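K.L.:
Coordinates in run_27.cif, mmCIF, C-alpha atoms and all ligand atoms, are listed below.
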data_model
loop_
_atom_site.label_atom_id
_atom_site.label_comp_id
_atom_site.auth_asym_id
_atom_site.auth_seq_id
_atom_site.Cartn_x
_atom_site.Cartn_y
_atom_site.Cartn_z
CA MET D 172 118.39 53.73 67.94
CA THR D 173 119.03 51.68 64.83
CA HIS D 174 122.23 53.51 63.99
CA ILE D 175 125.33 51.42 64.66
CA ARG D 176 128.13 53.47 66.09
CA ARG D 177 131.46 52.54 64.56
CA ARG D 178 134.34 52.03 66.87
CA ARG D 179 136.72 54.96 66.91
CA GLY D 180 140.28 54.22 65.83
CA TRP D 181 141.80 55.09 69.18
CA GLU D 182 139.63 52.77 71.18
CA ILE D 183 140.95 49.56 72.58
CA PRO D 184 138.74 46.79 73.91
CA GLU D 185 137.37 47.73 77.26
CA SER D 186 138.56 44.48 78.80
CA GLN D 187 142.11 45.80 78.31
CA ALA D 188 141.37 49.30 79.49
CA THR D 189 139.36 48.88 82.65
CA PRO D 190 140.24 47.43 86.02
CA GLU D 191 139.11 43.89 86.63
CA SER D 192 136.32 44.88 89.01
CA VAL D 193 134.74 47.06 86.37
CA TYR D 194 135.10 44.35 83.78
CA LEU D 195 133.37 41.88 86.07
CA GLU D 196 130.62 44.34 86.88
CA ARG D 197 130.02 44.76 83.20
CA ARG D 198 129.83 41.00 82.71
CA ARG D 199 127.19 40.85 85.40
CA PHE D 200 125.27 43.61 83.73
CA LEU D 201 125.36 41.88 80.35
CA LYS D 202 124.24 38.68 81.97
CA ALA D 203 121.29 40.47 83.49
CA LEU D 204 120.33 41.56 80.01
CA GLY D 205 120.78 38.05 78.65
CA LEU D 206 123.66 39.23 76.51
CA ALA D 207 126.62 37.64 78.23
CA GLY D 208 127.26 35.49 75.19
CA VAL D 209 127.75 38.38 72.79
CA GLY D 210 131.16 39.28 74.11
CA LEU D 211 132.57 42.67 74.82
CA THR D 212 132.99 44.23 71.42
CA ILE D 213 131.08 47.31 70.55
CA GLY D 214 128.43 46.36 68.08
CA ALA D 215 124.78 46.41 67.25
CA GLY D 216 123.92 44.17 70.18
CA LEU D 217 125.36 46.47 72.76
CA VAL D 218 124.01 49.62 71.22
CA ARG D 219 120.57 48.11 71.31
CA ALA D 220 121.24 46.94 74.83
CA GLY D 221 121.68 50.63 75.65
CA ASP D 222 118.19 51.32 74.42
CA ALA D 223 116.79 48.44 76.37
CA LEU D 224 118.49 49.88 79.41
CA ALA D 225 117.07 53.30 78.91
CA GLN D 226 113.62 51.79 78.70
CA ALA D 227 113.92 49.45 81.64
CA ALA D 228 112.77 52.11 84.06
CA GLU D 229 114.46 51.82 87.40
CA PRO D 230 112.27 51.67 90.45
CA ARG D 231 111.72 55.18 91.76
CA PRO D 232 111.50 55.92 95.45
CA ALA D 233 108.42 57.54 96.93
CA ASP D 234 108.84 61.23 97.69
CA GLY D 235 111.19 61.68 100.58
CA ALA D 236 112.69 58.23 100.25
CA ASN D 237 116.43 57.84 100.48
CA PRO D 238 117.86 59.01 97.15
CA LYS D 239 120.64 56.48 97.58
CA ALA D 240 118.16 53.81 96.50
CA LEU D 241 118.74 55.03 92.95
CA TYR D 242 122.43 54.16 92.96
CA PRO D 243 124.25 52.66 91.26
CA ALA D 244 122.32 53.51 88.10
CA GLN D 245 122.63 51.23 85.12
CA ARG D 246 125.58 51.95 82.90
CA ASN D 247 124.98 53.14 79.35
CA PRO D 248 127.34 50.95 77.31
CA ALA D 249 127.54 53.44 74.43
CA PHE D 250 130.32 55.29 76.26
CA THR D 251 133.63 53.48 76.55
CA LEU D 252 137.10 54.51 77.65
CA ASP D 253 140.58 54.29 76.15
CA ARG D 254 142.17 54.45 79.60
CA ALA D 255 141.69 53.13 83.10
CA ILE D 256 139.12 54.63 85.43
CA THR D 257 140.83 57.09 87.80
CA ASP D 258 141.14 55.94 91.38
CA GLU D 259 138.21 57.38 93.33
CA ARG D 260 140.30 58.71 96.21
CA LEU D 261 142.62 60.47 93.83
CA ALA D 262 139.74 62.10 91.93
CA ALA D 263 138.25 63.25 95.24
CA THR D 264 141.44 64.88 96.52
CA TYR D 265 142.60 66.70 93.38
CA ASN D 266 139.83 69.18 92.64
CA ASN D 267 139.28 72.49 90.98
CA PHE D 268 136.55 74.13 93.05
CA TYR D 269 137.59 77.74 93.47
CA GLU D 270 134.73 78.58 95.83
CA PHE D 271 136.72 76.63 98.44
CA SER D 272 140.35 76.93 97.41
CA GLU D 273 142.56 77.52 94.40
CA LYS D 274 144.74 74.64 95.59
CA LYS D 275 143.50 71.28 94.37
CA ASP D 276 144.63 69.33 97.43
CA GLN D 277 142.91 71.80 99.80
CA VAL D 278 139.36 71.59 98.47
CA ALA D 279 138.59 68.29 100.21
CA LYS D 280 139.74 69.76 103.52
CA LEU D 281 137.55 72.86 103.23
CA VAL D 282 134.17 71.54 102.10
CA ASP D 283 132.81 70.26 105.43
CA LYS D 284 130.66 73.31 106.16
CA PHE D 285 129.06 73.25 102.74
CA GLN D 286 125.43 72.01 102.95
CA PRO D 287 124.35 70.55 99.61
CA ARG D 288 121.00 69.31 100.95
CA PRO D 289 118.24 70.36 101.02
CA TRP D 290 118.79 72.14 97.70
CA GLN D 291 116.40 73.96 95.43
CA ILE D 292 116.91 74.18 91.66
CA GLN D 293 115.43 77.17 89.91
CA VAL D 294 114.50 77.15 86.22
CA THR D 295 113.89 80.58 84.79
CA GLY D 296 114.08 82.82 81.71
CA LEU D 297 112.55 81.77 78.39
CA VAL D 298 110.47 78.82 79.58
CA GLU D 299 106.75 78.16 79.45
CA LYS D 300 106.55 78.38 83.23
CA PRO D 301 109.46 79.21 85.52
CA PHE D 302 109.69 76.88 88.52
CA LYS D 303 111.70 75.82 91.54
CA MET D 304 111.98 72.30 92.81
CA ASP D 305 113.91 70.20 95.28
CA VAL D 306 116.89 68.54 93.66
CA ASP D 307 115.90 65.10 94.95
CA ASP D 308 112.41 65.43 93.47
CA LEU D 309 114.02 66.24 90.16
CA ILE D 310 116.36 63.25 90.43
CA ALA D 311 113.46 60.94 91.27
CA ARG D 312 111.44 62.07 88.25
CA LEU D 313 113.98 61.87 85.45
CA PRO D 314 115.94 58.86 84.14
CA LEU D 315 119.35 58.25 85.70
CA GLU D 316 122.18 56.41 83.98
CA GLU D 317 125.88 55.88 84.49
CA ARG D 318 128.42 56.92 81.86
CA LEU D 319 132.18 56.47 81.70
CA TYR D 320 133.61 59.76 80.45
CA ARG D 321 137.05 61.21 79.98
CA HIS D 322 137.57 64.60 81.62
CA ARG D 323 140.17 67.07 80.34
CA CYS D 324 141.06 70.12 82.39
CA VAL D 325 142.36 73.14 80.49
CA GLU D 326 145.47 72.85 82.70
CA ALA D 327 146.35 69.64 80.79
CA TRP D 328 145.62 66.97 83.39
CA ALA D 329 142.97 64.39 82.65
CA MET D 330 140.95 61.71 84.39
CA ALA D 331 138.27 59.15 83.53
CA VAL D 332 135.31 58.63 85.84
CA PRO D 333 131.89 56.99 85.99
CA TRP D 334 129.35 59.80 86.34
CA THR D 335 125.70 59.26 87.15
CA GLY D 336 123.29 61.70 85.62
CA ILE D 337 120.23 62.67 83.66
CA PRO D 338 120.74 63.31 79.94
CA MET D 339 120.55 67.11 79.74
CA LYS D 340 118.22 66.73 76.78
CA LYS D 341 115.68 65.05 79.06
CA PHE D 342 115.97 67.83 81.60
CA ILE D 343 115.48 70.46 78.88
CA GLU D 344 112.33 68.71 77.67
CA PHE D 345 111.13 68.75 81.25
CA ALA D 346 111.96 72.48 81.60
CA ARG D 347 109.98 73.37 78.43
CA PRO D 348 111.97 76.26 76.97
CA LEU D 349 110.28 78.65 74.54
CA SER D 350 111.39 78.68 70.90
CA GLY D 351 113.34 81.92 71.44
CA ALA D 352 115.74 80.19 73.87
CA ARG D 353 119.08 79.78 72.09
CA PHE D 354 121.41 79.42 75.08
CA VAL D 355 121.28 77.94 78.58
CA ARG D 356 123.20 79.46 81.45
CA SER D 357 123.90 78.14 84.92
CA VAL D 358 124.56 79.93 88.16
CA SER D 359 126.24 78.13 91.04
CA PHE D 360 125.71 78.81 94.76
CA LEU D 361 126.77 81.95 96.61
CA ARG D 362 127.45 81.10 100.26
CA PRO D 363 130.58 82.85 101.52
CA GLU D 364 129.81 81.56 105.02
CA GLN D 365 130.14 77.97 103.75
CA ALA D 366 132.73 78.42 101.00
CA PRO D 367 135.79 80.24 102.35
CA ASN D 368 137.30 81.36 99.06
CA GLN D 369 134.14 83.25 98.12
CA LYS D 370 135.08 85.49 101.03
CA ILE D 371 138.81 85.61 100.35
CA ALA D 372 139.07 85.80 96.55
CA THR D 373 136.95 88.89 96.09
CA TRP D 374 138.58 89.58 92.70
CA TYR D 375 136.38 86.83 91.18
CA LYS D 376 132.80 87.58 90.21
CA TRP D 377 131.00 85.06 92.44
CA PRO D 378 128.81 83.09 92.04
CA TYR D 379 130.37 80.90 89.28
CA TYR D 380 128.37 81.14 86.05
CA GLU D 381 128.61 79.19 82.80
CA GLY D 382 126.75 78.92 79.52
CA TRP D 383 126.20 76.71 76.48
CA ARG D 384 124.31 76.81 73.20
CA MET D 385 120.99 74.96 73.14
CA ASP D 386 122.21 72.57 70.44
CA GLU D 387 125.16 71.67 72.68
CA MET D 388 122.94 71.00 75.67
CA THR D 389 120.48 68.89 73.70
CA ASN D 390 123.36 66.81 72.31
CA GLU D 391 123.41 63.27 73.66
CA LEU D 392 126.69 63.84 75.53
CA ALA D 393 125.64 66.68 77.85
CA LEU D 394 124.94 65.16 81.26
CA LEU D 395 123.16 66.77 84.19
CA THR D 396 125.24 65.00 86.76
CA VAL D 397 124.19 63.98 90.26
CA GLY D 398 126.52 61.10 91.06
CA ILE D 399 129.98 59.65 90.59
CA TYR D 400 131.47 56.16 91.25
CA GLY D 401 128.00 54.77 91.80
CA HIS D 402 126.83 57.12 94.56
CA PRO D 403 125.51 60.68 94.93
CA LEU D 404 128.06 63.42 94.17
CA PRO D 405 130.23 64.23 97.16
CA ARG D 406 130.83 67.92 97.92
CA VAL D 407 134.24 68.05 96.22
CA HIS D 408 132.74 67.04 92.88
CA GLY D 409 129.94 69.62 92.98
CA ALA D 410 127.11 68.20 95.07
CA PRO D 411 124.23 68.00 94.60
CA ILE D 412 124.08 68.74 90.86
CA ARG D 413 126.47 69.85 88.12
CA ILE D 414 126.95 69.81 84.38
CA VAL D 415 129.37 67.51 82.57
CA THR D 416 130.29 68.34 78.95
CA PRO D 417 133.19 65.96 78.23
CA TRP D 418 134.18 67.45 74.85
CA LYS D 419 134.90 70.81 76.49
CA TYR D 420 137.58 71.87 78.93
CA GLY D 421 136.75 71.02 82.54
CA TYR D 422 135.72 74.50 83.65
CA LYS D 423 132.60 74.27 81.47
CA SER D 424 131.45 71.43 83.78
CA ALA D 425 129.98 73.79 86.37
CA LYS D 426 129.48 72.48 89.89
CA SER D 427 126.79 72.94 92.55
CA ILE D 428 124.25 74.70 90.35
CA VAL D 429 121.24 76.56 91.77
CA THR D 430 119.79 78.15 88.62
CA PHE D 431 119.33 77.29 84.97
CA GLU D 432 118.23 80.19 82.84
CA PHE D 433 117.17 79.92 79.19
CA VAL D 434 118.21 83.02 77.25
CA LYS D 435 118.20 84.48 73.77
CA ASN D 436 121.76 85.80 73.57
CA GLN D 437 125.14 84.27 74.34
CA PRO D 438 125.63 84.74 78.07
CA PRO D 439 128.85 85.87 79.78
CA THR D 440 130.85 83.14 81.53
CA PHE D 441 133.02 83.24 84.65
CA TRP D 442 136.39 82.30 83.13
CA HIS D 443 135.91 84.28 79.95
CA ASP D 444 135.26 87.35 82.10
CA VAL D 445 138.40 86.68 84.15
CA ALA D 446 140.70 86.22 81.11
CA PRO D 447 138.99 86.69 77.72
CA ASP D 448 142.14 85.78 75.74
CA GLU D 449 142.60 82.51 77.56
CA TYR D 450 139.09 81.08 77.95
CA SER D 451 136.55 81.22 75.14
CA PHE D 452 132.81 80.70 75.36
CA LEU D 453 132.92 77.38 73.49
CA SER D 454 136.15 76.01 75.00
CA ASN D 455 136.07 72.77 73.03
CA VAL D 456 139.11 70.57 73.65
CA ASP D 457 141.54 71.18 70.78
CA PRO D 458 145.11 69.82 70.78
CA LYS D 459 146.08 72.17 67.95
CA LYS D 460 145.08 75.35 69.71
CA PRO D 461 147.55 76.11 72.50
CA HIS D 462 146.51 77.99 75.58
CA PRO D 463 148.41 81.32 75.46
CA ARG D 464 150.63 80.01 78.28
CA TRP D 465 151.04 76.30 77.44
CA SER D 466 150.55 73.63 74.78
CA GLN D 467 147.36 71.58 74.65
CA ALA D 468 148.89 68.83 72.50
CA THR D 469 149.20 66.29 75.31
CA GLU D 470 147.67 65.61 78.70
CA ARG D 471 148.77 64.01 81.96
CA LEU D 472 146.65 61.14 83.25
CA LEU D 473 145.91 61.42 86.96
CA GLY D 474 147.27 58.39 88.73
CA THR D 475 149.67 56.91 86.20
CA GLU D 476 151.16 60.33 85.36
CA GLU D 477 151.48 59.06 81.80
CA ARG D 478 151.43 61.72 79.05
CA VAL D 479 149.17 60.92 76.14
CA PRO D 480 148.12 62.88 73.06
CA THR D 481 145.03 65.04 73.47
CA LEU D 482 142.27 64.32 70.96
CA PRO D 483 140.06 66.87 69.21
CA TYR D 484 136.87 67.28 71.22
CA ASN D 485 138.55 65.09 73.84
CA GLY D 486 137.78 62.07 71.64
CA TYR D 487 134.07 62.89 71.30
CA GLY D 488 134.14 64.31 67.76
CA GLU D 489 131.81 61.62 66.52
CA TRP D 490 129.09 63.04 68.74
CA VAL D 491 129.74 66.75 68.52
CA ALA D 492 131.97 67.78 65.59
CA GLU D 493 128.92 68.40 63.43
CA LEU D 494 127.71 71.05 65.85
CA TYR D 495 130.66 73.21 64.84
CA ALA D 496 130.91 72.32 61.15
CA LYS D 497 129.38 75.59 59.98
CA GLY D 498 131.61 77.76 62.13
N1 LIG D 501 131.38 76.01 90.59
C1 LIG D 501 132.55 75.58 90.09
N2 LIG D 501 132.52 74.63 89.12
C2 LIG D 501 133.68 74.18 88.59
C3 LIG D 501 134.94 74.72 88.99
C4 LIG D 501 134.93 75.71 90.02
O1 LIG D 501 135.99 76.23 90.44
N3 LIG D 501 133.73 76.11 90.54
N4 LIG D 501 136.10 74.25 88.42
C5 LIG D 501 135.99 73.61 87.10
C6 LIG D 501 137.20 72.95 86.64
S1 LIG D 501 138.48 73.96 86.14
C7 LIG D 501 137.32 71.60 86.56
S2 LIG D 501 138.68 70.85 85.87
C8 LIG D 501 136.25 70.72 87.10
C9 LIG D 501 136.84 69.77 88.12
O2 LIG D 501 135.88 68.83 88.51
P1 LIG D 501 136.23 67.70 89.61
O3 LIG D 501 136.83 68.37 90.80
O4 LIG D 501 134.93 67.03 89.90
O5 LIG D 501 137.22 66.79 88.96
O6 LIG D 501 135.19 71.44 87.71
C10 LIG D 501 134.82 72.62 87.04
N5 LIG D 501 133.63 73.18 87.66
MO MO D 502 139.76 72.63 84.83
#
Now, as a test, write the supplied structure out as C-alpha cells.
P.N.:
Amino acid sequence: MTHIRRRRGWEIPESQATPESVYLERRRFLKALGLAGVGLTIGAGLVRAGDALAQAAEPRPADGANPKALYPAQRNPAFTLDRAITDERLAATYNNFYEFSEKKDQVAKLVDKFQPRPWQIQVTGLVEKPFKMDVDDLIARLPLEERLYRHRCVEAWAMAVPWTGIPMKKFIEFARPLSGARFVRSVSFLRPEQAPNQKIATWYKWPYYEGWRMDEMTNELALLTVGIYGHPLPRVHGAPIRIVTPWKYGYKSAKSIVTFEFVKNQPPTFWHDVAPDEYSFLSNVDPKKPHPRWSQATERLLGTEERVPTLPYNGYGEWVAELYAKG
C-alpha cells in the first residue's frame, strides 16, 4: 500500500488515548519491526509497517493443534482509537446476545451450556463450490490480525476493543463467490437447548440472520472476527466466529455464525423484520438520523460513562463513505 492515510481531525495521539500497558506493548511491537525510532505518529512508516506485518506470516499450527497458539495476533497499526480501550471485564459482562437474554448483565450468567466447539462453518449459495469446514481449520488457513475498533450500539452506548480476525475480503476470496453474488448473508446458531432465550422469546424469528452488500464485505474494515483482547472469542462475544462492521450499528455485527450464503438479492435481516421503521438494512452509524425513539447525536462510553459526540460512520468515513456516495 503506497497510499498514505491522513490523520483524521478527531484523532489524538495514541499515547494519550491508550492505557500504558497497550502503549508499551505497541513499543515492543515497533521495536520488533526495527521501527522503534520512528515514534508514534501515524505516517508512511507505520502504514508500510502494516504491510510488512501482513506479509510476515505467523507460524500456523498443524491441524488439530491448539488454536491458542495463534494468539495474540499481530496488531494492524492502521486502526487507531480516539478513546481508551474498554476494560475487558466490563465488555464481557455488558452484552447484547438475545439468544441468551435480553438483559445485558444476564448474558454472561447464561452462556455456560453453549458449546462453541467443535463448530462447522457452511458456505453456500452463489459460490463455485459450496463447502463446510471446521472453524479452527478456517482460522489456521487464513491470516489473523488484531485491530482496535470502536463499537457503537444503536442503543447509544459505545466501547473500544481489540478484535482478532481475518479480513472478510480474504475470506470471500477463499469462498470464491460467483459474479452474480451481490450480497452476503449470515445465519447464526439455533440451539434452544443451549440458549435459553431461543426457547422463551418465541416472538423472534430465530436463528439470528444478517446481511451486507458485497462491496461492504470486501471493504478493508469488515472483519471476520474470532478473538478479542488477544485470545479466542469467549461465548459472550459470539464464539467461535462473528462479523464486525464498525461503521454500522452493533446489531450488524452478528455473533456465533454457522452459515454464510452468497445471494443475488438483498436478504431480509433479523432486526429489520422485527421493526422495519427502526432498523434499516444498511444501518450505518449516523448522528444526524435519530432512531424513532431516541437521538443518535451522542453516545455513552462504557466504563467512563462520558458522553461524546457520535461521528458519521462511527468515525470510519474515510474507509467507507465512498460506498454510499451514489445513494
Ligand atoms: N447472534 C447475535 N448477534 C448479535 C446480537 C444478538 O443478540 N445475537 N446482538 C448485537 C448487538 S445489538 C450488539 S451491540 C453486539 C454486541 O456485541 P458484544 O456483546 O460482543 O459487545 O452484538 C450484536 N450481534
Ligand atoms: Mo447493539
K.L.:
Residues within 6 Å of ligand MO 502 (chain D), counting all atoms listed in the file: report them as a list in words.
P.N.:
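Selection of residues at most 6 Å from ligand MO 502 (chain D): Cys324, Val325, Gly421 and Tyr422 of chain D.
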K.L.:
Please return as a PyMOL selection string the residues found within 9 Å of ligand LIG 501 (chain D), counting all atoms listed in the file.
P.N.:
chain D and resi 262-273+275+278+322-326+328-330+332+358-360+378-381+399+404+407-409+413-415+420-428
K.L.:
Let me make sure I understand: among D:Val491, D:Ile310, D:Val355, D:Val429, which one has the smallest atom-to-atom distance to Pro417 of chain D if we use all atoms listed in the file?
P.N.:
D:Val491
K.L.:
If you count only C-alpha atoms, which residues fall within 10 Å of Pro463 of chain D, apart from same-chain ones fewer than 3 positions away, as a PyMOL selection string?
P.N.:
chain D and resi 448-450+460+466-467
K.L.:
Quick one: write out the picked residues with C-alpha atoms as a PDB file, keeping the file's coordinate frame?
P.N.:
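Output saved as selection31.pdb:
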ATOM      1  CA  ASP D 448     142.140  85.780  75.740  1.00  0.00           C
ATOM      2  CA  GLU D 449     142.600  82.510  77.560  1.00  0.00           C
ATOM      3  CA  TYR D 450     139.090  81.080  77.950  1.00  0.00           C
ATOM      4  CA  LYS D 460     145.080  75.350  69.710  1.00  0.00           C
ATOM      5  CA  SER D 466     150.550  73.630  74.780  1.00  0.00           C
ATOM      6  CA  GLN D 467     147.360  71.580  74.650  1.00  0.00           C
TER       7      GLN D 467
END
K.L.:
What separation in Å, quoted to one decimal, exists between atom CA of Lys340 of chain D and atom CA of Asp457 of chain D?
P.N.:
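Rounded to one decimal, the two atoms are 24.5 Å apart.
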K.L.:
Using all atoms listed in the file, find the one residue out of D:Trp334, D:Lys274, D:Tyr495, D:Pro458 that sits nearest to Pro405 of chain D.
P.N.:
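Once distances to Pro405 of chain D are computed over all atoms listed in the file, the minimum belongs to D:Trp334.
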K.L.:
By how many Å are atom CA of Tyr320 of chain D and atom CA of Asp283 of chain D apart?
P.N.:
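One can read the atom CA of Tyr320 of chain D to atom CA of Asp283 of chain D distance as 27.1 Å.
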K.L.:
Show me, as a list in words, the residues that have an atom within 8 Å of Ile292 of chain D when counting all atoms listed in the file, minus same-chain residues fewer than 5 positions from it.
P.N.:
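Once the nearby chain positions are removed, what remains is Lys303, Met304, Asp305, Val306, Ile428, Val429, Thr430 and Phe431 of chain D.
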K.L.:
Considering all atoms listed in the file, can you say which of D:Ile412, D:Met339, D:Ala496, D:Ala327 comes closest to Pro461 of chain D?
P.N.:
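The shortest atom-to-atom distance to Pro461 of chain D comes from D:Ala327.
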K.L.:
Expressed in Å to a single decimal, how great is the separation between atom CA of Asp276 of chain D and atom CA of Glu259 of chain D?
P.N.:
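These two atoms are separated by 14.2 Å.
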K.L.:
For Ile343 of chain D, which residue out of D:Ala492, D:Leu395, D:Leu281, D:Ala240 is the nearest one, using only C-alpha atoms?
P.N.:
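Answer, going by the shortest atom-to-atom distance: D:Leu395.
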K.L.:
D:Asn247, D:Ser451, D:Thr295, D:Thr440: which is nearest Ala346 of chain D, counting only C-alpha atoms?
P.N.:
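Closest to Ala346 of chain D, using only C-alpha atoms: D:Thr295.
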K.L.:
Which residue gives the smallest distance to Gly398 of chain D among D:Ala410, D:Ala249, D:Ala255, D:Leu453, with all atoms listed in the file counted?
P.N.:
D:Ala410
